[in-house]
Each structure stands twice: as structure tokens, then as C-alpha cells.
file data25.cif (mmCIF, C-alpha atoms)
data_run
loop_
_atom_site.group_PDB
_atom_site.id
_atom_site.type_symbol
_atom_site.label_atom_id
_atom_site.label_comp_id
_atom_site.auth_asym_id
_atom_site.auth_seq_id
_atom_site.Cartn_x
_atom_site.Cartn_y
_atom_site.Cartn_z
ATOM 1 C CA ARG A 126 -1.372 -6.159 118.856
ATOM 2 C CA THR A 127 -1.957 -5.679 122.577
ATOM 3 C CA ALA A 128 -2.711 -9.371 123.023
ATOM 4 C CA ILE A 129 0.468 -10.350 121.201
ATOM 5 C CA ASP A 130 2.541 -7.896 123.242
ATOM 6 C CA ALA A 131 1.109 -9.366 126.433
ATOM 7 C CA ILE A 132 2.225 -12.915 125.629
ATOM 8 C CA LEU A 133 5.672 -12.136 124.249
ATOM 9 C CA PRO A 134 8.484 -12.587 126.778
ATOM 10 C CA LYS A 135 9.924 -9.361 128.133
ATOM 11 C CA PRO A 136 13.680 -8.896 128.597
ATOM 12 C CA ALA A 137 14.515 -9.661 132.226
ATOM 13 C CA VAL A 138 17.436 -7.421 133.218
ATOM 14 C CA GLU A 139 16.975 -3.731 133.983
ATOM 15 C CA VAL A 140 19.973 -1.589 132.998
ATOM 16 C CA ARG A 141 20.880 2.052 133.466
ATOM 17 C CA VAL A 142 23.976 2.842 131.439
ATOM 18 C CA VAL A 143 25.839 5.596 129.646
ATOM 19 C CA VAL A 144 27.206 4.066 126.458
ATOM 20 C CA PRO A 145 30.085 5.955 124.799
ATOM 21 C CA TYR A 146 29.303 7.249 121.337
ATOM 22 C CA ASP A 147 31.937 4.976 119.802
ATOM 23 C CA ARG A 148 29.869 1.950 120.944
ATOM 24 C CA GLY A 149 26.894 2.566 118.721
ATOM 25 C CA ASP A 150 26.701 -1.183 118.195
ATOM 26 C CA LEU A 151 25.515 -1.606 121.787
ATOM 27 C CA VAL A 152 22.979 1.199 121.490
ATOM 28 C CA ALA A 153 21.647 -0.432 118.316
ATOM 29 C CA ALA A 154 21.418 -3.800 120.094
ATOM 30 C CA VAL A 155 19.342 -2.261 122.881
ATOM 31 C CA HIS A 156 17.015 -0.694 120.313
ATOM 32 C CA GLU A 157 16.690 -4.029 118.497
ATOM 33 C CA SER A 158 16.155 -6.427 121.348
ATOM 34 C CA GLY A 159 15.507 -4.373 124.466
ATOM 35 C CA LEU A 160 12.499 -2.706 125.963
ATOM 36 C CA LEU A 161 13.463 0.964 126.168
ATOM 37 C CA GLN A 162 12.267 3.083 129.047
ATOM 38 C CA GLU A 163 14.319 6.226 128.394
ATOM 39 C CA VAL A 164 17.076 7.379 126.057
ATOM 40 C CA THR A 165 18.903 10.703 126.318
ATOM 41 C CA HIS A 166 22.108 12.029 124.844
ATOM 42 C CA GLU A 167 24.832 13.511 127.006
ATOM 43 C CA GLU A 168 28.320 14.800 126.401
ATOM 44 C CA SER A 169 29.880 11.463 127.378
ATOM 45 C CA GLY A 170 27.462 9.173 125.531
ATOM 46 C CA THR A 171 23.943 7.829 125.238
ATOM 47 C CA ARG A 172 22.160 7.373 128.580
ATOM 48 C CA ILE A 173 19.824 4.387 128.443
ATOM 49 C CA HIS A 174 17.311 2.956 130.873
ATOM 50 C CA ALA A 175 15.993 -0.312 129.479
ATOM 51 C CA HIS A 176 15.209 -3.962 130.071
ATOM 52 C CA VAL A 177 17.442 -6.310 128.098
ATOM 53 C CA GLY A 178 18.418 -9.956 127.961
ATOM 54 C CA ALA A 179 21.161 -11.330 130.201
ATOM 55 C CA ARG A 180 23.783 -11.513 127.458
ATOM 56 C CA LEU A 181 23.332 -7.878 126.402
ATOM 57 C CA ALA A 182 23.217 -6.795 130.059
ATOM 58 C CA ALA A 183 26.650 -8.371 130.530
ATOM 59 C CA GLU A 184 28.012 -6.424 127.554
ATOM 60 C CA LEU A 185 26.545 -3.205 128.950
ATOM 61 C CA ALA A 186 27.788 -3.793 132.514
ATOM 62 C CA PRO A 187 31.019 -1.763 132.126
ATOM 63 C CA PHE A 188 28.890 1.302 131.354
ATOM 64 C CA ALA A 189 26.519 1.044 134.327
ATOM 65 C CA VAL A 190 25.708 4.235 136.231
#
call {"tool": "encode", "arguments": {"input": "data25.cif", "output": "C-alpha cells"}}
result
Amino acid sequence: RTAIDAILPKPAVEVRVVVPYDRGDLVAAVHESGLLQEVTHEESGTRIHAHVGARLAAELAPFAV
């Protein structure tokens, strides 16, 4: 498993965002295709630090902190 993980491409864009709770679709997308570093829940939404692909990073851009 370690060898496979080492050769798989890693998502390139680092994001730090607070995604509103009504955008669970974006949170799910990060869980599916991103490499999560940290996830916490706040009053205003889900705070995420992750590496994601360029397309998902663009969708998350409005929520950058």
C-alpha cells in the first residue's frame, strides 16, 4: 500500500477554506478527491486544509481564508 501511495499523483493545490454548511457537496468532493490535512467544524461552516486538484480549488476559491 505504501508503494502504491508513493506513485499515485498527489493533488497539486493547497487550500485553506471555510465551506458553508449548505455546500456539503464541496466538502464531499474534498473528501473524495483531495488529500486532507485538517478538518474542523465551526459556527460558520467546515474549515478545511487540504490539497486538491485545480478544478476543485477554483470551486473552493470563494471560501478561502
call {"tool": "residues_around", "arguments": {"input": "data25.cif", "residues": "stretch 152-155 of chain A", "least_positions_apart": "6", "cutoff": "9 Å", "atoms": "all atoms listed in the file", "output": "VMD selection string"}}
result
chain A and resid 144 146 161 171 173 175 to 177 181
call {"tool": "closest_residue", "arguments": {"input": "data25.cif", "among": "A:Ile132, A:Val143, A:Ala189, A:Ala137", "to": "A:Ser169", "atoms": "all atoms listed in the file"}}
result
A:Val143
call {"tool": "residues_near_point", "arguments": {"input": "data25.cif", "point": "(22.9, -11.2, 128.0)", "cutoff": "12 Å", "atoms": "only C-alpha atoms", "output": "PyMOL selection string"}}
result
chain A and resi 136-140+151+154-155+158-159+176-186
call {"tool": "closest_residue", "arguments": {"input": "data25.cif", "among": "A:Pro187, A:Val142, A:Ala128, A:Asp150", "to": "A:His166", "atoms": "all atoms listed in the file"}}
result
A:Val142
call {"tool": "axis_aligned_box", "arguments": {"input": "data25.cif", "around": "stretch 137-155 of chain A", "padding_each_side": "8 Å", "output": "JSON"}}
result
{"center_x": 23.2, "center_y": -1.2, "center_z": 126.1, "size_x": 33.4, "size_y": 32.9, "size_z": 31.8}
call {"tool": "atom_distance", "arguments": {"input": "data25.cif", "atom1": "atom CA of A:Glu163", "atom2": "atom CA of A:Thr127"}}
result
21.0 Å
call {"tool": "atom_distance", "arguments": {"input": "data25.cif", "atom1": "atom CA of A:Leu133", "atom2": "atom CA of A:Arg172"}}
result
25.9 Å
call {"tool": "atom_distance", "arguments": {"input": "data25.cif", "atom1": "atom CA of A:Phe188", "atom2": "atom CA of A:Lys135"}}
result
22.0 Å
